[in-house]
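Reproduced below: my_file_7.txt, with compact mmCIF, C-alpha atoms.
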# COMPACT_ATOMS: atom_id res chain seq x y z
CA MET T 1 137.57 18.22 82.76
CA SER T 2 136.99 20.87 85.44
CA ALA T 3 139.74 21.93 87.83
CA ILE T 4 137.90 20.20 90.66
CA GLU T 5 137.53 16.93 88.73
CA GLU T 6 141.17 17.10 87.66
CA LEU T 7 142.45 17.43 91.22
CA VAL T 8 140.11 14.68 92.45
CA ALA T 9 141.52 12.41 89.70
CA GLU T 10 145.12 13.29 90.65
CA PHE T 11 144.52 12.72 94.38
CA ALA T 12 142.80 9.40 93.62
CA LYS T 13 146.03 8.16 91.96
CA LEU T 14 147.82 8.31 95.34
CA PRO T 15 148.09 5.07 97.33
CA GLY T 16 145.32 4.54 99.87
CA ILE T 17 143.33 7.52 98.55
CA GLY T 18 139.97 6.46 97.12
CA ARG T 19 137.60 8.65 95.11
CA LYS T 20 135.60 9.80 98.17
CA THR T 21 138.74 10.77 100.07
CA ALA T 22 140.04 12.57 96.97
CA GLN T 23 136.80 14.57 96.82
CA ARG T 24 137.02 15.36 100.53
CA LEU T 25 140.61 16.60 100.19
CA THR T 26 139.72 18.71 97.15
CA TYR T 27 136.76 20.42 98.84
CA PHE T 28 138.88 20.93 101.95
CA LEU T 29 141.44 22.78 99.85
CA LEU T 30 138.67 24.88 98.25
CA LYS T 31 137.89 26.24 101.72
CA GLN T 32 141.53 27.05 102.54
CA PRO T 33 143.21 30.42 101.95
CA ARG T 34 144.86 30.78 98.53
CA GLU T 35 148.37 30.97 100.10
CA GLU T 36 147.84 27.67 101.88
CA VAL T 37 146.87 25.88 98.65
CA GLY T 38 149.83 27.55 96.93
CA ARG T 39 152.17 26.13 99.57
CA LEU T 40 150.95 22.60 98.86
CA SER T 41 151.26 23.06 95.10
CA GLN T 42 154.79 24.44 95.44
CA ALA T 43 155.83 21.72 97.90
CA VAL T 44 154.76 19.08 95.37
CA ALA T 45 156.56 20.87 92.53
CA ALA T 46 159.73 21.37 94.62
CA LEU T 47 159.91 17.65 95.24
CA THR T 48 160.99 16.78 91.70
CA GLU T 49 162.88 20.03 91.19
CA ARG T 50 165.06 19.84 94.29
CA VAL T 51 165.26 16.16 95.26
CA HIS T 52 167.44 13.58 93.47
CA ALA T 53 169.44 10.46 94.30
CA CYS T 54 172.81 10.85 96.08
CA SER T 55 175.51 9.81 93.59
CA ARG T 56 177.29 7.91 96.37
CA CYS T 57 174.64 6.04 98.38
CA GLY T 58 171.48 6.46 96.28
CA ASP T 59 169.51 8.10 99.11
CA LEU T 60 167.20 10.96 98.15
CA THR T 61 168.84 14.29 98.82
CA GLU T 62 169.00 17.94 97.79
CA ALA T 63 172.81 18.21 98.17
CA ASP T 64 175.19 15.76 96.44
CA PRO T 65 176.72 13.79 98.09
CA CYS T 66 174.00 13.71 100.70
CA ALA T 67 174.27 15.01 104.28
CA ILE T 68 174.74 11.49 105.67
CA CYS T 69 177.58 10.55 103.28
CA THR T 70 179.47 13.77 104.10
CA ASP T 71 178.85 13.77 107.88
CA PRO T 72 182.30 13.27 109.54
CA ARG T 73 180.64 12.11 112.79
CA ARG T 74 179.14 9.06 111.10
CA ASP T 75 180.98 5.72 111.14
CA ALA T 76 182.25 5.21 107.57
CA GLY T 77 183.15 1.61 108.48
CA LEU T 78 179.48 0.61 108.52
CA VAL T 79 177.21 0.54 105.48
CA CYS T 80 173.54 -0.32 105.84
CA VAL T 81 171.92 -1.64 102.66
CA VAL T 82 168.22 -0.85 102.22
CA GLU T 83 165.65 -1.26 99.47
CA GLU T 84 164.31 2.28 99.27
CA ALA T 85 165.13 5.81 100.41
CA SER T 86 162.04 5.73 102.62
CA ASP T 87 163.79 2.97 104.61
CA VAL T 88 166.72 5.32 105.29
CA ALA T 89 164.27 7.85 106.71
CA ALA T 90 162.67 5.15 108.91
CA ILE T 91 166.05 4.00 110.27
CA GLU T 92 167.19 7.58 110.87
CA ARG T 93 164.04 8.17 112.93
CA SER T 94 165.06 5.27 115.19
CA GLY T 95 168.24 7.18 116.14
CA GLU T 96 170.11 3.90 116.70
CA TYR T 97 172.31 3.69 113.64
CA ARG T 98 175.34 5.98 113.08
CA GLY T 99 176.91 4.45 109.95
CA LEU T 100 176.36 5.14 106.25
CA TYR T 101 173.74 3.76 103.84
CA HIS T 102 173.38 2.22 100.44
CA VAL T 103 170.00 2.29 98.68
CA LEU T 104 169.36 -0.59 96.27
CA GLY T 105 166.40 1.16 94.68
CA GLY T 106 164.21 -1.95 94.81
CA ARG T 107 164.17 -5.65 95.65
CA LEU T 108 164.35 -8.85 93.63
CA SER T 109 160.88 -9.75 92.42
CA PRO T 110 160.87 -12.25 89.54
CA LEU T 111 157.07 -12.11 89.25
CA ASP T 112 157.29 -8.36 88.59
CA GLY T 113 160.24 -8.83 86.24
CA VAL T 114 162.70 -7.19 88.68
CA GLY T 115 166.05 -9.00 88.43
CA PRO T 116 169.51 -8.32 89.86
CA ASP T 117 170.33 -5.83 87.10
CA ALA T 118 167.65 -3.46 88.41
CA LEU T 119 169.43 -3.13 91.77
CA ASN T 120 171.98 -0.41 92.53
CA LEU T 121 174.44 -3.12 93.64
CA PRO T 122 177.52 -2.48 91.42
CA ALA T 123 177.86 0.96 93.05
CA LEU T 124 177.98 -0.72 96.48
CA LEU T 125 180.70 -3.16 95.38
CA ALA T 126 182.64 -0.22 93.93
CA ARG T 127 182.35 1.63 97.26
CA LEU T 128 183.77 -1.40 99.11
CA ALA T 129 186.63 -1.85 96.62
CA ASP T 130 187.41 1.84 96.52
CA GLY T 131 187.91 3.07 100.07
CA ALA T 132 188.46 -0.32 101.77
CA ALA T 133 187.48 1.46 105.02
CA VAL T 134 184.22 -0.49 105.29
CA ARG T 135 184.43 -3.28 107.87
CA GLU T 136 180.77 -4.35 107.94
CA VAL T 137 177.74 -4.25 105.69
CA ILE T 138 174.35 -4.54 107.39
CA VAL T 139 171.71 -5.85 105.00
CA ALA T 140 168.43 -4.23 106.05
CA THR T 141 166.03 -5.29 103.33
CA ASN T 142 162.38 -5.79 104.26
CA PRO T 143 161.47 -8.98 106.19
CA SER T 144 159.31 -10.13 103.27
CA VAL T 145 159.84 -12.96 100.77
CA GLU T 146 161.31 -10.61 98.16
CA GLY T 147 163.36 -8.79 100.80
CA GLU T 148 164.83 -12.09 102.05
CA ALA T 149 165.71 -13.17 98.52
CA THR T 150 167.33 -9.80 97.92
CA ALA T 151 169.28 -10.06 101.18
CA HIS T 152 170.71 -13.45 100.22
CA TYR T 153 171.60 -12.23 96.74
CA VAL T 154 173.38 -9.19 98.18
CA GLU T 155 175.17 -11.34 100.76
CA ARG T 156 176.54 -13.72 98.09
CA ALA T 157 177.68 -10.82 95.92
CA LEU T 158 179.46 -9.23 98.89
CA ARG T 159 181.19 -12.49 99.91
CA GLN T 160 182.60 -12.81 96.40
CA ALA T 161 183.59 -9.19 95.82
CA ALA T 162 184.74 -8.24 99.34
CA PRO T 163 185.57 -11.37 101.37
CA GLY T 164 187.20 -9.34 104.16
CA VAL T 165 184.04 -7.41 104.96
CA ALA T 166 181.59 -8.76 107.56
CA VAL T 167 178.00 -9.09 106.37
CA SER T 168 175.15 -9.00 108.88
CA ARG T 169 171.42 -8.55 108.78
CA LEU T 170 168.93 -6.96 111.14
CA ALA T 171 167.65 -9.10 114.01
CA ARG T 172 164.24 -10.65 113.62
CA GLY T 173 162.70 -8.09 115.88
CA LEU T 174 160.91 -6.84 112.80
CA PRO T 175 157.44 -8.25 112.21
CA VAL T 176 157.83 -10.84 109.44
CA GLY T 177 155.86 -10.00 106.32
CA GLY T 178 155.69 -6.32 107.23
CA GLU T 179 157.30 -3.25 105.75
CA LEU T 180 160.34 -1.63 107.35
CA GLU T 181 158.99 1.78 106.40
CA TYR T 182 156.09 1.44 108.84
CA ALA T 183 157.97 -0.07 111.79
CA ASP T 184 158.26 2.08 114.90
CA GLY T 185 161.61 3.51 115.94
CA GLU T 186 162.00 1.30 119.01
CA THR T 187 161.53 -1.91 117.00
CA ILE T 188 164.06 -0.70 114.45
CA ALA T 189 166.49 0.28 117.21
CA GLN T 190 166.27 -3.20 118.83
CA ALA T 191 166.70 -4.87 115.46
CA PHE T 192 169.91 -2.89 114.94
CA THR T 193 171.30 -3.72 118.37
CA ALA T 194 170.59 -7.46 118.05
CA ARG T 195 171.70 -7.82 114.42
CA ARG T 196 173.60 -11.03 113.72
CA ALA T 197 176.11 -12.36 111.17
CA PHE T 198 174.89 -14.43 108.24
CA PRO T 199 175.33 -18.05 109.35
CA GLY T 200 178.47 -19.70 107.98
CA GLY T 201 179.76 -16.43 106.58
CA GLY T 202 183.35 -15.24 106.43
CA GLY T 203 184.73 -11.78 107.25
CA ASP T 204 185.92 -10.50 110.59
CA GLY T 205 182.66 -11.09 112.40
CA VAL T 206 180.04 -8.57 113.34
CA THR T 207 181.47 -5.42 114.91
CA GLU T 208 180.30 -3.45 117.95
CA MET V 209 163.38 22.32 105.99
CA SER V 210 164.06 19.90 103.14
CA ALA V 211 161.70 19.55 100.18
CA ILE V 212 160.67 16.13 101.48
CA GLU V 213 159.93 17.41 104.99
CA GLU V 214 158.05 20.39 103.56
CA LEU V 215 155.72 18.22 101.49
CA VAL V 216 155.19 15.81 104.40
CA ALA V 217 154.19 18.80 106.54
CA GLU V 218 151.80 20.11 103.86
CA PHE V 219 150.18 16.70 103.32
CA ALA V 220 149.80 16.26 107.09
CA LYS V 221 147.65 19.42 107.20
CA LEU V 222 144.97 17.69 105.11
CA PRO V 223 142.02 16.13 106.95
CA GLY V 224 142.44 12.44 107.77
CA ILE V 225 146.10 12.46 106.69
CA GLY V 226 148.45 11.69 109.59
CA ARG V 227 152.22 12.04 109.58
CA LYS V 228 152.87 8.42 108.49
CA THR V 229 150.40 8.67 105.61
CA ALA V 230 151.95 12.00 104.59
CA GLN V 231 155.36 10.33 104.49
CA ARG V 232 154.00 7.43 102.46
CA LEU V 233 152.40 9.79 99.92
CA THR V 234 155.60 11.82 99.63
CA TYR V 235 157.81 8.80 99.00
CA PHE V 236 155.23 7.46 96.55
CA LEU V 237 155.50 10.71 94.58
CA LEU V 238 159.31 10.49 94.68
CA LYS V 239 159.03 7.24 92.73
CA GLN V 240 156.64 8.67 90.13
CA PRO V 241 157.70 10.19 86.79
CA ARG V 242 158.36 13.94 86.91
CA GLU V 243 155.37 14.65 84.61
CA GLU V 244 153.03 12.82 86.97
CA VAL V 245 154.14 14.88 89.98
CA GLY V 246 153.87 18.02 87.84
CA ARG V 247 150.26 17.16 87.03
CA LEU V 248 149.38 16.96 90.74
CA SER V 249 151.18 20.22 91.51
CA GLN V 250 149.40 22.00 88.64
CA ALA V 251 146.01 20.53 89.54
CA VAL V 252 146.38 21.93 93.07
CA ALA V 253 147.48 25.33 91.75
CA ALA V 254 144.65 25.44 89.16
CA LEU V 255 142.11 24.93 91.91
CA THR V 256 142.48 28.43 93.34
CA GLU V 257 143.29 30.01 89.97
CA ARG V 258 140.28 28.69 88.05
CA VAL V 259 137.58 27.92 90.63
CA HIS V 260 135.40 30.57 92.31
CA ALA V 261 131.84 30.91 93.62
CA CYS V 262 128.97 31.33 91.12
CA SER V 263 127.61 34.88 91.55
CA ARG V 264 124.06 33.53 91.34
CA CYS V 265 123.91 30.32 93.41
CA GLY V 266 127.25 30.30 95.26
CA ASP V 267 128.30 26.90 93.88
CA LEU V 268 131.95 26.49 92.95
CA THR V 269 132.46 26.95 89.23
CA GLU V 270 134.90 28.00 86.55
CA ALA V 271 132.29 29.81 84.41
CA ASP V 272 129.99 32.51 85.88
CA PRO V 273 127.09 31.94 86.20
CA CYS V 274 127.74 28.24 86.66
CA ALA V 275 126.74 25.47 84.25
CA ILE V 276 123.76 24.48 86.43
CA CYS V 277 122.32 28.02 86.68
CA THR V 278 122.52 28.47 82.89
CA ASP V 279 121.26 25.00 81.89
CA PRO V 280 117.87 25.54 80.12
CA ARG V 281 116.90 21.88 80.74
CA ARG V 282 116.91 22.37 84.52
CA ASP V 283 113.72 23.27 86.37
CA ALA V 284 114.13 26.92 87.42
CA GLY V 285 111.05 26.58 89.62
CA LEU V 286 112.95 24.47 92.14
CA VAL V 287 115.82 25.71 94.29
CA CYS V 288 117.68 23.33 96.58
CA VAL V 289 119.45 25.04 99.51
CA VAL V 290 122.63 23.34 100.73
CA GLU V 291 125.35 24.20 103.20
CA GLU V 292 128.42 23.71 101.01
CA ALA V 293 129.39 23.33 97.36
CA SER V 294 130.48 19.76 98.10
CA ASP V 295 126.80 19.01 98.86
CA VAL V 296 125.85 20.14 95.34
CA ALA V 297 128.37 17.67 93.95
CA ALA V 298 126.93 14.88 96.13
CA ILE V 299 123.35 15.62 95.03
CA GLU V 300 124.37 15.84 91.37
CA ARG V 301 125.95 12.39 91.66
CA SER V 302 122.58 11.00 92.78
CA GLY V 303 121.09 12.05 89.40
CA GLU V 304 117.65 12.54 91.03
CA TYR V 305 117.39 16.31 91.21
CA ARG V 306 116.89 18.52 88.14
CA GLY V 307 116.31 21.95 89.70
CA LEU V 308 118.72 24.73 90.66
CA TYR V 309 120.79 25.23 93.83
CA HIS V 310 121.65 27.80 96.41
CA VAL V 311 124.78 27.37 98.54
CA LEU V 312 124.63 28.95 102.01
CA GLY V 313 128.39 28.65 102.51
CA GLY V 314 128.03 27.24 106.01
CA ARG V 315 125.54 26.44 108.78
CA LEU V 316 124.48 28.13 111.98
CA SER V 317 126.86 27.16 114.75
CA PRO V 318 126.70 29.47 117.79
CA LEU V 319 129.50 27.57 119.54
CA ASP V 320 131.81 28.35 116.62
CA GLY V 321 130.58 31.92 116.40
CA VAL V 322 128.75 31.34 113.09
CA GLY V 323 125.54 33.37 113.08
CA PRO V 324 122.90 34.14 110.41
CA ASP V 325 125.02 36.95 108.94
CA ALA V 326 127.63 34.42 107.83
CA LEU V 327 125.11 32.64 105.57
CA ASN V 328 124.61 33.51 101.90
CA LEU V 329 120.86 33.90 102.58
CA PRO V 330 120.10 37.48 101.37
CA ALA V 331 121.13 36.41 97.85
CA LEU V 332 118.55 33.58 98.00
CA LEU V 333 115.77 35.94 99.11
CA ALA V 334 116.78 38.31 96.29
CA ARG V 335 116.57 35.44 93.79
CA LEU V 336 113.03 34.64 94.97
CA ALA V 337 111.92 38.28 94.84
CA ASP V 338 113.57 38.89 91.50
CA GLY V 339 112.33 36.25 89.05
CA ALA V 340 109.27 35.07 91.00
CA ALA V 341 109.53 31.88 88.90
CA VAL V 342 110.51 29.78 91.92
CA ARG V 343 107.61 27.69 93.22
CA GLU V 344 109.46 25.54 95.78
CA VAL V 345 112.58 25.73 97.89
CA ILE V 346 114.00 22.41 99.13
CA VAL V 347 116.10 22.89 102.24
CA ALA V 348 118.84 20.22 102.09
CA THR V 349 121.07 21.12 105.00
CA ASN V 350 122.87 18.30 106.79
CA PRO V 351 120.80 16.12 109.19
CA SER V 352 122.91 17.29 112.12
CA VAL V 353 122.03 19.59 115.03
CA GLU V 354 123.54 22.62 113.32
CA GLY V 355 122.02 21.64 109.98
CA GLU V 356 118.56 21.33 111.54
CA ALA V 357 118.88 24.73 113.23
CA THR V 358 120.00 26.21 109.91
CA ALA V 359 117.04 24.58 108.11
CA HIS V 360 114.55 26.10 110.52
CA TYR V 361 116.18 29.51 110.30
CA VAL V 362 116.08 29.38 106.49
CA GLU V 363 112.46 28.20 106.54
CA ARG V 364 111.34 31.10 108.75
CA ALA V 365 113.19 33.62 106.59
CA LEU V 366 111.57 32.19 103.44
CA ARG V 367 108.05 32.22 104.95
CA GLN V 368 108.43 35.92 105.73
CA ALA V 369 110.10 37.04 102.53
CA ALA V 370 108.33 34.78 100.02
CA PRO V 371 105.05 33.48 101.50
CA GLY V 372 103.87 32.14 98.12
CA VAL V 373 106.80 29.77 97.77
CA ALA V 374 106.53 26.21 99.12
CA VAL V 375 109.32 25.18 101.48
CA SER V 376 110.22 21.51 101.88
CA ARG V 377 113.08 19.54 103.31
CA LEU V 378 114.66 16.23 102.37
CA ALA V 379 113.05 13.09 103.74
CA ARG V 380 114.68 11.51 106.74
CA GLY V 381 116.21 8.81 104.61
CA LEU V 382 119.50 10.39 105.47
CA PRO V 383 121.34 8.91 108.46
CA VAL V 384 120.84 11.37 111.32
CA GLY V 385 124.07 12.87 112.60
CA GLY V 386 125.88 12.09 109.36
CA GLU V 387 127.17 14.31 106.60
CA LEU V 388 125.29 14.73 103.31
CA GLU V 389 128.60 14.85 101.48
CA TYR V 390 129.32 11.20 102.29
CA ALA V 391 125.86 9.74 101.64
CA ASP V 392 125.55 7.38 98.67
CA GLY V 393 123.60 8.43 95.59
CA GLU V 394 120.68 6.05 96.18
CA THR V 395 120.04 7.37 99.70
CA ILE V 396 120.14 10.93 98.39
CA ALA V 397 117.80 10.01 95.53
CA GLN V 398 115.24 8.50 97.92
CA ALA V 399 115.48 11.48 100.22
CA PHE V 400 114.64 13.74 97.28
CA THR V 401 111.66 11.66 96.16
CA ALA V 402 110.16 11.46 99.67
CA ARG V 403 110.81 15.07 100.65
CA ARG V 404 107.97 16.66 102.64
CA ALA V 405 106.60 20.12 103.43
CA PHE V 406 107.56 21.84 106.66
CA PRO V 407 104.67 21.08 109.05
CA GLY V 408 102.16 23.94 109.38
CA GLY V 409 103.80 25.91 106.60
CA GLY V 410 102.10 28.07 103.96
CA GLY V 411 102.80 28.20 100.23
CA ASP V 412 101.24 26.16 97.48
CA GLY V 413 102.28 22.79 98.89
CA VAL V 414 105.11 20.60 97.74
CA THR V 415 105.23 20.14 93.98
CA GLU V 416 105.76 16.97 91.93
So, in terms of structure tokens, how does the structure I just supplied come out?
Amino acid sequence: MSAIEELVAEFAKLPGIGRKTAQRLTYFLLKQPREEVGRLSQAVAALTERVHACSRCGDLTEADPCAICTDPRRDAGLVCVVEEASDVAAIERSGEYRGLYHVLGGRLSPLDGVGPDALNLPALLARLADGAAVREVIVATNPSVEGEATAHYVERALRQAAPGVAVSRLARGLPVGGELEYADGETIAQAFTARRAFPGGGGDGVTE
Amino acid sequence: MSAIEELVAEFAKLPGIGRKTAQRLTYFLLKQPREEVGRLSQAVAALTERVHACSRCGDLTEADPCAICTDPRRDAGLVCVVEEASDVAAIERSGEYRGLYHVLGGRLSPLDGVGPDALNLPALLARLADGAAVREVIVATNPSVEGEATAHYVERALRQAAPGVAVSRLARGLPVGGELEYADGETIAQAFTARRAFPGGGGDGVTE
């Protein structure tokens, strides 16, 4: 396979990139200066070389623990549970939330064979048992069917393992059926402000 | 800048890729196996390392001369003149054309400061003078304002330098104002079949 065909094939593997777009991107790069193409190649390579999961919260980071976990200005009493690292980035862009995170690394999806064991949940329970400084966990899974199921599973696990910790979820300002990753910052900010306790739950109530 | 932000910035430089899409592509890659990301990085790097312009026709190639120029089954009596190497790829996909190519490397665009000197036209005239085996030149510039101006400029240059060579252009099966690169193979095939001589031109008439 030629170098052009190879790159077209690689681009076409990316989500939302069809064969025509892959060809367009490849021929665009062929017209760019060599240094510019080198920067893209190196940026792709650096991704796997430099980025890994934070050993504490599971967010993607270059330092370990990540910059959020080690930031003394952040409220260590709040932990926001999300499905993916891209959700952390989306919430950070909203500028509303000043607590810590915990990345599950997925969501319950029985049809895809994803069960509770695939979630990074034991590490969260260990964090709550360990420091005991956490007063509230905000479950911010996606407002989809799988995200809702995951939220309820996480809530039950938290009630059992850490009954003194309040558990809340983001307000339904998020468009139902959508993806948190693509929500705009203002919507995310409002959803944080109007978050509410799980009905009938224990704990000390929602803080703030 | 973090590795994630760097790659988002590089992706966002590509045509048709906005910041949100760049973020989505980056987080997609973060979930892929290391080997898969390495393949993309290497495919991008190989592009500038392995691909260059054919010294004869100007098409992008890894060998020199390119596989089309050296293919004995192709009709060396026909030369199709295109603006960019991506146009060669589009025409090849149509499967209709079995002659050779000549890539101008651009089109006349006074507003962008692109004049005749920027076109790879002297090499075409040299090819016609050299072998004298060429009986027809098919001008296949884009059906846009700049492409039309380029076609007429090329036609006049060919009439002067090689009066015995027929000059034709692709039939107006192509959508006017569009880009040849994005036309489907069937449209391109029909445009080749119904190509016609420049009105009032000399030469031996259009072949086939």
Within 7 Å of chain V: residues of chain T, using all atoms listed in the file, as number ranges by chain: T: 3-4, 6-7, 10, 14-15, 25, 27, 34, 37-38, 40-48, 50-51, 86
Restricted to C-alpha atoms, what would the selected residues look like written as a PDB file, keeping the file's coordinate frame?
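Produced file selection04.pdb, reproduced below:
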ATOM      1  CA  ALA T   3     139.740  21.930  87.830  1.00  0.00           C
ATOM      2  CA  ILE T   4     137.900  20.200  90.660  1.00  0.00           C
ATOM      3  CA  GLU T   6     141.170  17.100  87.660  1.00  0.00           C
ATOM      4  CA  LEU T   7     142.450  17.430  91.220  1.00  0.00           C
ATOM      5  CA  GLU T  10     145.120  13.290  90.650  1.00  0.00           C
ATOM      6  CA  LEU T  14     147.820   8.310  95.340  1.00  0.00           C
ATOM      7  CA  PRO T  15     148.090   5.070  97.330  1.00  0.00           C
ATOM      8  CA  LEU T  25     140.610  16.600 100.190  1.00  0.00           C
ATOM      9  CA  TYR T  27     136.760  20.420  98.840  1.00  0.00           C
ATOM     10  CA  ARG T  34     144.860  30.780  98.530  1.00  0.00           C
ATOM     11  CA  VAL T  37     146.870  25.880  98.650  1.00  0.00           C
ATOM     12  CA  GLY T  38     149.830  27.550  96.930  1.00  0.00           C
ATOM     13  CA  LEU T  40     150.950  22.600  98.860  1.00  0.00           C
ATOM     14  CA  SER T  41     151.260  23.060  95.100  1.00  0.00           C
ATOM     15  CA  GLN T  42     154.790  24.440  95.440  1.00  0.00           C
ATOM     16  CA  ALA T  43     155.830  21.720  97.900  1.00  0.00           C
ATOM     17  CA  VAL T  44     154.760  19.080  95.370  1.00  0.00           C
ATOM     18  CA  ALA T  45     156.560  20.870  92.530  1.00  0.00           C
ATOM     19  CA  ALA T  46     159.730  21.370  94.620  1.00  0.00           C
ATOM     20  CA  LEU T  47     159.910  17.650  95.240  1.00  0.00           C
ATOM     21  CA  THR T  48     160.990  16.780  91.700  1.00  0.00           C
ATOM     22  CA  ARG T  50     165.060  19.840  94.290  1.00  0.00           C
ATOM     23  CA  VAL T  51     165.260  16.160  95.260  1.00  0.00           C
ATOM     24  CA  SER T  86     162.040   5.730 102.620  1.00  0.00           C
TER      25      SER T  86
END
Using only C-alpha atoms, which of T:Arg56, T:Arg135, T:Arg159, T:Arg169 sits nearest Val103 of chain T? T:Arg56
Spatial neighbours of Arg281 of chain V, max dist 10 Å, only C-alpha atoms, sep filter under 4 positions, as an MDAnalysis selection string: chainID V and resid 276 306:307
Which residues are close to Leu286 of chain V, i.e. within 9 Å by all atoms listed in the file, leaving aside same-chain residues fewer than 4 positions away? Reply as a PyMOL selection string. chain V and resi 282+306-309+341-346
I need every residue sitting at most 12 Å from the point (173.6, -5.7, 91.8) (coordinates as in the file, all atoms listed in the file considered), written as number ranges by chain. T: 81, 83, 102-108, 114-126, 150-158, 161
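Take atom CA of Thr141 of chain T and atom CA of Ala162 of chain T: the distance between them is 19.4 Å.
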I need the residue nearest Tyr97 of chain T from this list: T:Phe192, T:Gly147, T:Phe198, T:Asp64. Use all atoms listed in the file for the distance. T:Phe192
Could you give me the axis-aligned bounding box of segment 5-13 of chain T, with 4 Å of padding per side, as centre plus edge lengths in Å to one decimal, as JSON?
{"center_x": 141.8, "center_y": 12.8, "center_z": 91.0, "size_x": 16.5, "size_y": 17.3, "size_z": 14.7}
Would you compute the distance between atom CA of Gly95 of chain T and atom CA of Asp184 of chain T? Give it in Å to one decimal. 11.3 Å
Between atom CA of Arg227 of chain V and atom CA of Ala191 of chain T - distance in Å to one decimal: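 Answer for the atom CA of Ala191 of chain T to atom CA of Arg227 of chain V separation: 23.0 Å.
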